[in-house]
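The structure file protein-v3.cif is reproduced below (mmCIF, C-alpha atoms and all ligand atoms).
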data_data
#
loop_
_atom_site.label_atom_id
_atom_site.label_comp_id
_atom_site.auth_asym_id
_atom_site.auth_seq_id
_atom_site.Cartn_x
_atom_site.Cartn_y
_atom_site.Cartn_z
CA MET A 256 -242.26 50.73 -75.92
CA GLN A 257 -240.86 53.16 -78.46
CA LYS A 258 -238.97 51.79 -81.45
CA TYR A 259 -235.32 52.36 -82.37
CA ILE A 260 -234.52 53.45 -85.91
CA LEU A 261 -231.24 53.19 -87.88
CA ILE A 262 -230.42 55.50 -90.79
CA ILE A 263 -227.66 54.31 -93.09
CA GLY A 264 -226.14 57.12 -95.15
CA ALA A 265 -227.33 59.70 -92.62
CA CYS A 266 -224.87 62.39 -93.73
CA GLY A 267 -226.06 62.67 -97.33
CA GLN A 268 -228.51 65.10 -98.88
CA ILE A 269 -231.64 63.15 -97.86
CA GLY A 270 -230.17 61.35 -94.84
CA THR A 271 -229.33 64.57 -92.99
CA GLU A 272 -232.86 65.96 -93.13
CA LEU A 273 -234.47 62.57 -92.61
CA THR A 274 -232.43 62.01 -89.45
CA LEU A 275 -233.43 65.40 -88.04
CA ALA A 276 -237.11 64.83 -88.92
CA LEU A 277 -237.19 61.35 -87.37
CA ARG A 278 -235.37 62.61 -84.27
CA SER A 279 -237.90 65.36 -83.69
CA LYS A 280 -240.67 62.78 -84.07
CA TYR A 281 -239.34 59.80 -82.11
CA GLY A 282 -236.75 61.43 -79.80
CA ASN A 283 -233.04 61.98 -80.46
CA ASP A 284 -231.83 58.83 -78.73
CA HIS A 285 -234.26 56.62 -80.63
CA VAL A 286 -232.77 57.48 -84.01
CA ILE A 287 -229.24 56.18 -84.69
CA ALA A 288 -227.44 57.95 -87.54
CA SER A 289 -224.71 56.10 -89.42
CA ASP A 290 -222.44 56.76 -92.39
CA ILE A 291 -218.92 56.00 -93.60
CA ARG A 292 -217.90 59.51 -92.54
CA GLU A 293 -219.04 62.12 -90.04
CA GLY A 294 -221.63 64.66 -91.12
CA SER A 295 -222.51 68.29 -90.44
CA GLU A 296 -222.07 69.72 -86.95
CA SER A 297 -225.81 70.06 -86.36
CA LEU A 298 -226.40 66.44 -87.35
CA MET A 299 -223.54 65.10 -85.22
CA ALA A 300 -224.71 67.10 -82.20
CA SER A 301 -228.31 65.94 -82.46
CA GLY A 302 -227.97 62.31 -81.31
CA PRO A 303 -226.16 58.96 -81.51
CA PHE A 304 -223.86 58.33 -84.49
CA GLU A 305 -221.96 55.24 -85.68
CA ILE A 306 -219.38 54.89 -88.45
CA LEU A 307 -220.76 52.13 -90.68
CA ASP A 308 -219.86 50.72 -94.09
CA ALA A 309 -223.24 49.68 -95.51
CA THR A 310 -221.65 46.79 -97.44
CA ASP A 311 -220.34 45.20 -94.21
CA TYR A 312 -223.09 42.81 -93.06
CA ASP A 313 -221.45 41.85 -89.75
CA ALA A 314 -220.91 45.46 -88.71
CA LEU A 315 -224.52 46.28 -89.62
CA GLU A 316 -225.88 43.28 -87.73
CA GLU A 317 -223.88 44.27 -84.67
CA ILE A 318 -225.29 47.82 -84.60
CA VAL A 319 -228.84 46.52 -85.13
CA ALA A 320 -228.44 44.12 -82.19
CA TYR A 321 -226.72 46.64 -79.92
CA TYR A 322 -229.37 49.35 -80.30
CA GLU A 323 -232.31 46.93 -80.67
CA ILE A 324 -233.16 48.49 -84.03
CA SER A 325 -236.53 47.59 -85.56
CA GLU A 326 -236.63 49.97 -88.52
CA VAL A 327 -233.90 50.75 -91.09
CA TYR A 328 -233.74 53.57 -93.67
CA LEU A 329 -231.06 52.73 -96.25
CA MET A 330 -230.05 56.06 -97.81
CA ALA A 331 -226.45 55.19 -98.80
CA ALA A 332 -225.96 54.99 -102.58
CA MET A 333 -223.77 56.17 -105.41
CA LEU A 334 -225.79 58.55 -107.62
CA SER A 335 -226.16 58.62 -111.39
CA ALA A 336 -223.26 60.80 -112.58
CA THR A 337 -220.63 59.29 -110.24
CA ALA A 338 -221.86 55.76 -110.95
CA GLU A 339 -221.08 56.23 -114.67
CA LYS A 340 -217.44 56.79 -113.66
CA PHE A 341 -217.22 53.87 -111.20
CA PRO A 342 -219.70 51.25 -112.43
CA MET A 343 -218.48 48.30 -110.35
CA ARG A 344 -218.13 50.32 -107.15
CA ALA A 345 -221.64 51.70 -107.68
CA TRP A 346 -223.09 48.22 -108.26
CA ASN A 347 -221.30 46.86 -105.20
CA LEU A 348 -222.46 49.66 -102.90
CA ASN A 349 -226.01 50.03 -104.22
CA MET A 350 -226.81 46.30 -104.38
CA ASN A 351 -224.89 44.80 -101.45
CA SER A 352 -226.12 47.40 -98.99
CA LEU A 353 -229.68 46.58 -100.08
CA PHE A 354 -229.15 42.80 -99.77
CA ASN A 355 -227.69 43.31 -96.28
CA VAL A 356 -230.77 45.17 -95.10
CA LEU A 357 -233.24 42.87 -96.89
CA ASN A 358 -231.54 39.84 -95.33
CA LEU A 359 -231.86 41.37 -91.86
CA GLY A 360 -235.58 41.61 -92.65
CA LYS A 361 -235.70 38.03 -93.91
CA GLU A 362 -234.05 36.80 -90.69
CA LYS A 363 -236.62 38.84 -88.69
CA LYS A 364 -233.90 40.92 -87.06
CA ILE A 365 -235.75 44.10 -88.15
CA ASP A 366 -239.46 44.73 -88.83
CA LYS A 367 -239.55 47.47 -91.45
CA ILE A 368 -237.31 48.89 -94.19
CA PHE A 369 -237.27 52.05 -96.27
CA TRP A 370 -235.23 52.00 -99.46
CA PRO A 371 -235.26 54.82 -102.02
CA SER A 372 -235.60 54.22 -105.72
CA SER A 373 -235.47 56.90 -108.40
CA ILE A 374 -236.82 58.24 -111.69
CA ALA A 375 -233.58 56.71 -113.03
CA VAL A 376 -235.33 53.31 -113.21
CA PHE A 377 -236.93 54.57 -116.42
CA GLY A 378 -235.13 54.69 -119.75
CA PRO A 379 -235.21 56.02 -123.30
CA ASN A 380 -238.14 53.75 -124.29
CA THR A 381 -240.34 54.83 -121.38
CA PRO A 382 -243.20 57.26 -122.17
CA LYS A 383 -241.62 60.61 -121.30
CA THR A 384 -244.52 62.67 -119.96
CA ASP A 385 -246.80 61.65 -117.10
CA THR A 386 -244.83 58.42 -116.91
CA PRO A 387 -247.15 55.79 -115.42
CA GLN A 388 -246.44 53.55 -112.43
CA ASN A 389 -246.29 50.44 -114.61
CA THR A 390 -244.58 50.95 -117.94
CA ILE A 391 -241.52 50.07 -120.02
CA MET A 392 -238.41 50.29 -117.84
CA GLU A 393 -235.14 49.90 -119.65
CA PRO A 394 -232.70 52.03 -117.67
CA SER A 395 -229.53 52.94 -119.58
CA THR A 396 -227.39 54.12 -116.66
CA VAL A 397 -225.44 52.11 -114.06
CA TYR A 398 -227.38 53.85 -111.29
CA GLY A 399 -230.72 53.20 -113.01
CA ILE A 400 -229.90 49.53 -113.52
CA SER A 401 -229.04 49.20 -109.81
CA LYS A 402 -232.29 50.89 -108.76
CA GLN A 403 -234.39 48.83 -111.17
CA SER A 404 -232.78 45.61 -109.90
CA GLY A 405 -233.24 46.80 -106.34
CA GLU A 406 -236.97 47.30 -106.93
CA ARG A 407 -237.29 43.74 -108.22
CA TRP A 408 -235.49 42.40 -105.15
CA CYS A 409 -237.67 44.44 -102.76
CA GLU A 410 -240.83 43.02 -104.30
CA TYR A 411 -239.31 39.53 -104.26
CA TYR A 412 -238.39 39.72 -100.55
CA PHE A 413 -241.88 41.02 -99.75
CA ASN A 414 -243.59 38.21 -101.67
CA LYS A 415 -241.28 35.35 -100.66
CA PHE A 416 -240.19 36.25 -97.15
CA ASN A 417 -242.85 38.73 -96.05
CA VAL A 418 -240.26 41.49 -95.58
CA ASP A 419 -242.03 44.82 -94.98
CA VAL A 420 -239.99 46.98 -97.35
CA ARG A 421 -241.38 50.27 -98.67
CA SER A 422 -239.99 52.46 -101.42
CA ILE A 423 -240.44 55.69 -103.36
CA ARG A 424 -239.02 56.67 -106.76
CA TYR A 425 -237.71 60.09 -105.77
CA PRO A 426 -237.48 62.77 -108.44
CA GLY A 427 -234.54 65.22 -108.35
CA LEU A 428 -234.43 66.67 -104.82
CA ILE A 429 -233.86 70.34 -104.03
CA SER A 430 -232.63 71.28 -100.56
CA TRP A 431 -230.50 73.85 -98.72
CA LYS A 432 -229.19 72.00 -95.63
CA THR A 433 -226.84 69.53 -97.35
CA MET A 434 -225.48 69.55 -100.90
CA PRO A 435 -226.29 66.62 -103.19
CA GLY A 436 -223.32 64.69 -104.55
CA GLY A 437 -222.86 63.10 -107.93
CA GLY A 438 -226.37 63.31 -109.35
CA THR A 439 -227.73 64.52 -112.69
CA THR A 440 -230.35 66.73 -111.02
CA ASP A 441 -227.73 68.49 -108.83
CA TYR A 442 -227.86 71.60 -111.04
CA ALA A 443 -231.18 72.48 -109.41
CA VAL A 444 -229.39 72.96 -106.08
CA GLU A 445 -226.05 74.40 -107.29
CA ILE A 446 -227.91 77.10 -109.22
CA TYR A 447 -229.19 78.76 -106.00
CA HIS A 448 -225.76 78.77 -104.35
CA LYS A 449 -224.18 80.33 -107.46
CA ALA A 450 -227.06 82.79 -107.97
CA LEU A 451 -226.47 84.20 -104.48
CA ALA A 452 -222.66 84.10 -104.57
CA LYS A 453 -221.94 85.17 -108.16
CA SER A 454 -225.23 86.13 -109.84
CA ALA A 455 -224.26 83.62 -112.54
CA TYR A 456 -224.39 79.87 -113.15
CA THR A 457 -223.18 77.62 -115.94
CA CYS A 458 -225.63 74.75 -116.26
CA PHE A 459 -224.42 71.27 -117.30
CA LEU A 460 -227.81 70.48 -118.90
CA LYS A 461 -229.45 72.15 -121.90
CA GLU A 462 -231.96 74.91 -121.24
CA ASP A 463 -234.99 72.90 -122.40
CA THR A 464 -234.33 69.65 -120.47
CA ALA A 465 -237.44 69.12 -118.35
CA LEU A 466 -237.04 66.78 -115.35
CA PRO A 467 -239.29 65.77 -112.45
CA MET A 468 -238.21 67.58 -109.24
CA MET A 469 -239.28 67.95 -105.62
CA PHE A 470 -238.44 70.18 -102.64
CA MET A 471 -236.88 68.26 -99.76
CA ASP A 472 -239.67 69.04 -97.26
CA ASP A 473 -242.10 67.22 -99.55
CA ALA A 474 -239.70 64.28 -99.95
CA ILE A 475 -239.28 63.91 -96.18
CA ARG A 476 -243.02 64.18 -95.62
CA ALA A 477 -243.64 61.48 -98.25
CA THR A 478 -241.05 59.21 -96.62
CA LEU A 479 -242.58 59.52 -93.16
CA GLN A 480 -246.06 59.11 -94.63
CA ILE A 481 -245.35 55.88 -96.50
CA MET A 482 -243.53 54.43 -93.47
CA GLU A 483 -246.41 55.27 -91.11
CA SER A 484 -249.11 53.83 -93.36
CA ALA A 485 -250.78 50.52 -92.51
CA PRO A 486 -249.04 47.62 -94.28
CA GLU A 487 -252.24 46.78 -96.24
CA ALA A 488 -252.24 50.29 -97.73
CA ILE A 489 -248.86 49.71 -99.38
CA LYS A 490 -249.97 47.84 -102.46
CA VAL A 491 -246.89 48.54 -104.58
CA ARG A 492 -243.93 46.66 -103.10
CA SER A 493 -241.42 47.53 -105.80
CA SER A 494 -241.46 51.34 -105.57
CA TYR A 495 -244.00 54.16 -105.89
CA ASN A 496 -243.91 56.91 -108.52
CA LEU A 497 -243.84 60.26 -106.70
CA SER A 498 -244.30 63.67 -108.24
CA ALA A 499 -244.34 67.34 -107.28
CA MET A 500 -243.20 69.55 -110.19
CA SER A 501 -241.45 69.45 -113.52
CA PHE A 502 -239.37 72.24 -115.05
CA THR A 503 -236.43 73.04 -117.35
CA PRO A 504 -233.20 74.84 -116.38
CA ALA A 505 -234.49 77.90 -118.30
CA GLN A 506 -237.70 77.94 -116.24
CA MET A 507 -235.71 77.61 -113.04
CA ALA A 508 -233.43 80.49 -114.07
CA LYS A 509 -236.51 82.61 -114.73
CA SER A 510 -237.97 81.87 -111.29
CA ILE A 511 -234.67 83.04 -109.74
CA GLN A 512 -234.53 86.15 -111.94
CA GLU A 513 -237.91 87.21 -110.57
CA GLN A 514 -236.15 87.72 -107.23
CA LEU A 515 -232.58 88.35 -108.39
CA PRO A 516 -232.97 90.27 -111.69
CA ASP A 517 -229.19 90.34 -112.37
CA PHE A 518 -228.86 86.55 -112.38
CA LYS A 519 -227.36 85.20 -115.63
CA MET A 520 -227.41 81.60 -116.83
CA LYS A 521 -225.11 79.93 -119.38
CA TYR A 522 -225.37 76.39 -120.74
CA GLU A 523 -222.48 73.98 -121.26
CA PRO A 524 -224.02 70.50 -121.42
CA ASP A 525 -221.66 67.63 -120.50
CA PHE A 526 -222.03 63.81 -120.20
CA ARG A 527 -224.91 64.28 -117.78
CA GLN A 528 -227.10 65.53 -120.66
CA ALA A 529 -227.38 61.98 -122.02
CA ILE A 530 -228.44 60.71 -118.59
CA ALA A 531 -231.10 63.41 -118.29
CA ASP A 532 -232.32 62.72 -121.84
CA SER A 533 -232.98 59.09 -120.90
CA TRP A 534 -235.25 60.03 -117.96
CA PRO A 535 -238.93 61.08 -117.91
CA SER A 536 -239.83 64.76 -117.88
CA SER A 537 -242.89 64.30 -115.64
CA ILE A 538 -244.37 61.54 -113.49
CA ASP A 539 -247.88 60.23 -112.81
CA ASP A 540 -248.15 59.43 -109.10
CA THR A 541 -251.83 58.44 -108.92
CA ASN A 542 -251.00 55.20 -107.06
CA ALA A 543 -249.22 57.02 -104.23
CA GLN A 544 -252.12 59.49 -103.98
CA GLN A 545 -254.72 56.73 -103.84
CA ASP A 546 -252.88 54.19 -101.68
CA TRP A 547 -251.42 56.37 -98.96
CA GLY A 548 -252.78 59.86 -99.56
CA TRP A 549 -249.74 61.55 -101.14
CA ASN A 550 -250.03 65.21 -102.14
CA ALA A 551 -247.13 67.58 -102.88
CA GLU A 552 -247.04 71.10 -101.41
CA PHE A 553 -244.07 72.83 -103.05
CA ASP A 554 -244.08 74.17 -106.61
CA LEU A 555 -241.15 75.94 -108.31
CA GLU A 556 -242.03 79.41 -107.00
CA LYS A 557 -242.36 78.23 -103.39
CA THR A 558 -239.13 76.23 -103.74
CA THR A 559 -237.21 79.25 -105.05
CA ASN A 560 -238.48 81.35 -102.15
CA GLU A 561 -237.43 78.78 -99.55
CA MET A 562 -234.02 78.23 -101.15
CA LEU A 563 -233.11 81.91 -101.48
CA VAL A 564 -234.37 82.86 -98.00
CA ASN A 565 -232.57 80.01 -96.24
CA LEU A 566 -229.32 80.15 -98.22
CA SER A 567 -228.95 83.90 -97.81
CA SER A 568 -229.43 83.88 -94.03
N1 LIG B 601 -231.14 62.78 -108.24
C1 LIG B 601 -230.61 61.52 -108.65
C2 LIG B 601 -229.51 61.67 -109.61
O1 LIG B 601 -229.48 62.67 -110.30
C3 LIG B 601 -231.68 60.69 -109.29
O2 LIG B 601 -232.18 59.78 -108.37
O3 LIG B 601 -228.70 60.81 -109.72
#
Spit out the file's structure as structure tokens when you get a sec.
Amino acid sequence: MQKYILIIGACGQIGTELTLALRSKYGNDHVIASDIREGSESLMASGPFEILDATDYDALEEIVAYYEISEVYLMAAMLSATAEKFPMRAWNLNMNSLFNVLNLGKEKKIDKIFWPSSIAVFGPNTPKTDTPQNTIMEPSTVYGISKQSGERWCEYYFNKFNVDVRSIRYPGLISWKTMPGGGTTDYAVEIYHKALAKSAYTCFLKEDTALPMMFMDDAIRATLQIMESAPEAIKVRSSYNLSAMSFTPAQMAKSIQEQLPDFKMKYEPDFRQAIADSWPSSIDDTNAQQDWGWNAEFDLEKTTNEMLVNLSS
């Protein structure tokens, strides 16, 4: 019998592509998309969709029972920049949605959970380059605090209640199908749209701010890979470091200028600079490589090619 999967937050930047990838793997009707609002036309047309508020346990439980869901991907969250503006709303959404899904696991109503963490779990006292899996974590943002707490709860539910929850600390994600919303790494997507439309972009981070980044195809592949691995292989039950590339806005601008020589970049750092400054510039993902065979495929040059080709067509 084939399993039924629920994606919460299916209309967001990751959720959209994850839904499409899982649908092509397990069949459209076996993957239920849900969000508080409808998503893109291609997503809505590709299979079943439910309006769902991730903080509403009863509504979630009802959908899980109705579709006989065994696996949940919780992608709904408020990202770093927006969370600084609405701290209590961010805490409520990011934590209560996680508790709802973990408690479904505890009550054995679902078998397996994916929950994304982030490089935002690290803070100003964390070693900045090649940040190890286990290190000082003193996040200084609302979003980072929620992800750090979430990691602790995931590990706790695994140890205490044998809940099979798996997690990745995503770097900044670059994609062309759906725009990101409210993150500090969003510049790395906006830049391509503006480069094609206006040959110019004003970056909200300084030119030399290096951050860990990843192309969406790699992120989706990693997500499917960790979820398909044998439970014994998943030795880290908080969240895995994951890495692909690291670059500054100036380096990204240069990679675009190689294809669009007229492209001009200006810098007007805002409040997001302080968030970026508190995060690592590169990540050591040895554990993910060793435990479940992770290996990234996209570097900056390949990412720029994919972004410009797909956004211009
Ligand atoms: N990309 C996210 C953000 O900038 C980090 O997880 O908020």
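Distances here use only C-alpha atoms and all ligand atoms; by that measure, the residue among A:Ile287, A:Ala314, A:Leu563, A:Leu334 closest to ligand LIG 601 (chain B) is A:Leu334.
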Residues within 7 Å of ligand LIG 601 (chain B), counting all atoms listed in the file, as an mmCIF file with C-alpha atoms, keeping the file's coordinate frame:
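So the final result, stored in pocket14.cif, reads:
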data_model
loop_
_atom_site.group_PDB
_atom_site.id
_atom_site.type_symbol
_atom_site.label_atom_id
_atom_site.label_comp_id
_atom_site.auth_asym_id
_atom_site.auth_seq_id
_atom_site.Cartn_x
_atom_site.Cartn_y
_atom_site.Cartn_z
ATOM 1 C CA LEU A 334 -225.790 58.550 -107.620
ATOM 2 C CA SER A 335 -226.160 58.620 -111.390
ATOM 3 C CA ALA A 336 -223.260 60.800 -112.580
ATOM 4 C CA SER A 373 -235.470 56.900 -108.400
ATOM 5 C CA ILE A 374 -236.820 58.240 -111.690
ATOM 6 C CA ALA A 375 -233.580 56.710 -113.030
ATOM 7 C CA TYR A 425 -237.710 60.090 -105.770
ATOM 8 C CA PRO A 426 -237.480 62.770 -108.440
ATOM 9 C CA GLY A 427 -234.540 65.220 -108.350
ATOM 10 C CA LEU A 428 -234.430 66.670 -104.820
ATOM 11 C CA GLY A 437 -222.860 63.100 -107.930
ATOM 12 C CA GLY A 438 -226.370 63.310 -109.350
ATOM 13 C CA THR A 439 -227.730 64.520 -112.690
ATOM 14 C CA THR A 440 -230.350 66.730 -111.020
ATOM 15 C CA ASP A 441 -227.730 68.490 -108.830
#
Open item on the list: List as a ChimeraX atom specification the protein and nucleic acid residues near Phe304 of chain A, meaning an atom at most 12 Å away when all atoms listed in the file are counted, but skip any in the same chain fewer than 5 places from it.
Closed with: /A:260-266,271,274,283-296,298-299,318,322
Next on the checklist: When you look at Gly378 of chain A with a cut-off of 8 Å (counting all atoms listed in the file), what residues show up, excluding the ones that are within fewer than 2 positions of it in the same chain? I need them as a list of chain:residue names.
Outcome noted: A:Ala375, A:Val376, A:Asn380, A:Thr381, A:Ile391, A:Met392, A:Glu393, A:Pro394, A:Ser395, A:Ser533, A:Trp534, A:Pro535
re atom CA of Leu357 of chain A and atom CA of Gln257 of chain A: distance 22.4 Å
Using only C-alpha atoms, the best pick from A:Glu445, A:Glu316, A:Asp385, A:Asp473 as closest to Asn355 of chain A would be A:Glu316
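Closest approach to Glu552 of chain A from the set A:Leu479, A:Met469, A:Ile269, A:Met434 is made by A:Met469, with distances taken over all atoms listed in the file.
Minimum atom-to-atom distances from A:Ala477, A:Met471, A:Met520, A:Val356 to Lys453 of chain A were compared using only C-alpha atoms, and the lowest value belongs to A:Met520.
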In terms of all atoms listed in the file, the residue from A:Arg278, A:Val397, A:Ile429, A:Gln512 at minimal distance from Met333 of chain A is A:Val397
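For the atom pair formed by atom CA of Gln403 of chain A and atom CA of Met482 of chain A, the distance is 20.7 Å, given to one decimal.
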From the list A:Ser498, A:Asn358, A:Ser372, A:Thr457, the nearest residue to Tyr412 of chain A using all atoms listed in the file is A:Asn358
request  = For Phe459 of chain A, work out the shell of residues within 12 Å, counting all atoms listed in the file and skipping chain neighbours fewer than 2 positions away, then give it as a VMD selection string.
outcome  = chain A and resid 336 438 to 443 445 to 446 456 to 457 461 to 464 504 520 to 531
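For Phe369 of chain A, the list of residues within 8 Å, based on all atoms listed in the file and with local chain neighbours fewer than 6 positions off taken out, reads Val327, Tyr328, Leu329, Val420, Arg421, Ser422 and Met482 of chain A.
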Where atoms are missing, can you supply N, CA, C and O atoms for segment 539-551 of chain A and output the lot as an mmCIF file, in the frame of the given file?
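Written out: result02.cif:
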data_model
loop_
_atom_site.group_PDB
_atom_site.id
_atom_site.type_symbol
_atom_site.label_atom_id
_atom_site.label_comp_id
_atom_site.auth_asym_id
_atom_site.auth_seq_id
_atom_site.Cartn_x
_atom_site.Cartn_y
_atom_site.Cartn_z
ATOM 1 N N ASP A 539 -246.515 60.424 -113.321
ATOM 2 C CA ASP A 539 -247.880 60.230 -112.810
ATOM 3 C C ASP A 539 -247.806 59.454 -111.490
ATOM 4 O O ASP A 539 -247.354 58.310 -111.469
ATOM 5 N N ASP A 540 -248.251 60.099 -110.402
ATOM 6 C CA ASP A 540 -248.150 59.430 -109.100
ATOM 7 C C ASP A 540 -249.513 59.085 -108.503
ATOM 8 O O ASP A 540 -249.680 59.054 -107.270
ATOM 9 N N THR A 541 -250.473 58.790 -109.379
ATOM 10 C CA THR A 541 -251.830 58.440 -108.920
ATOM 11 C C THR A 541 -251.827 57.337 -107.859
ATOM 12 O O THR A 541 -252.574 57.424 -106.875
ATOM 13 N N ASN A 542 -251.003 56.307 -108.037
ATOM 14 C CA ASN A 542 -251.000 55.200 -107.060
ATOM 15 C C ASN A 542 -250.639 55.669 -105.650
ATOM 16 O O ASN A 542 -251.279 55.274 -104.672
ATOM 17 N N ALA A 543 -249.621 56.518 -105.550
ATOM 18 C CA ALA A 543 -249.220 57.020 -104.230
ATOM 19 C C ALA A 543 -250.335 57.887 -103.628
ATOM 20 O O ALA A 543 -250.598 57.837 -102.426
ATOM 21 N N GLN A 544 -251.006 58.660 -104.475
ATOM 22 C CA GLN A 544 -252.120 59.490 -103.980
ATOM 23 C C GLN A 544 -253.241 58.606 -103.457
ATOM 24 O O GLN A 544 -253.779 58.851 -102.371
ATOM 25 N N GLN A 545 -253.583 57.584 -104.222
ATOM 26 C CA GLN A 545 -254.720 56.730 -103.840
ATOM 27 C C GLN A 545 -254.387 55.800 -102.679
ATOM 28 O O GLN A 545 -255.193 55.606 -101.784
ATOM 29 N N ASP A 546 -253.183 55.218 -102.688
ATOM 30 C CA ASP A 546 -252.880 54.190 -101.680
ATOM 31 C C ASP A 546 -252.544 54.769 -100.307
ATOM 32 O O ASP A 546 -252.939 54.216 -99.287
ATOM 33 N N TRP A 547 -251.778 55.857 -100.285
ATOM 34 C CA TRP A 547 -251.420 56.370 -98.960
ATOM 35 C C TRP A 547 -251.525 57.895 -98.845
ATOM 36 O O TRP A 547 -250.943 58.515 -97.950
ATOM 37 N N GLY A 548 -252.361 58.469 -99.737
ATOM 38 C CA GLY A 548 -252.780 59.860 -99.560
ATOM 39 C C GLY A 548 -251.723 60.909 -99.885
ATOM 40 O O GLY A 548 -251.732 62.015 -99.338
ATOM 41 N N TRP A 549 -250.806 60.597 -100.805
ATOM 42 C CA TRP A 549 -249.740 61.550 -101.140
ATOM 43 C C TRP A 549 -250.280 62.799 -101.841
ATOM 44 O O TRP A 549 -251.146 62.721 -102.697
ATOM 45 N N ASN A 550 -249.727 63.952 -101.472
ATOM 46 C CA ASN A 550 -250.030 65.210 -102.140
ATOM 47 C C ASN A 550 -248.881 66.197 -101.923
ATOM 48 O O ASN A 550 -248.548 66.503 -100.781
ATOM 49 N N ALA A 551 -248.275 66.671 -103.004
ATOM 50 C CA ALA A 551 -247.130 67.580 -102.880
ATOM 51 C C ALA A 551 -247.577 68.995 -102.511
ATOM 52 O O ALA A 551 -248.690 69.399 -102.844
#
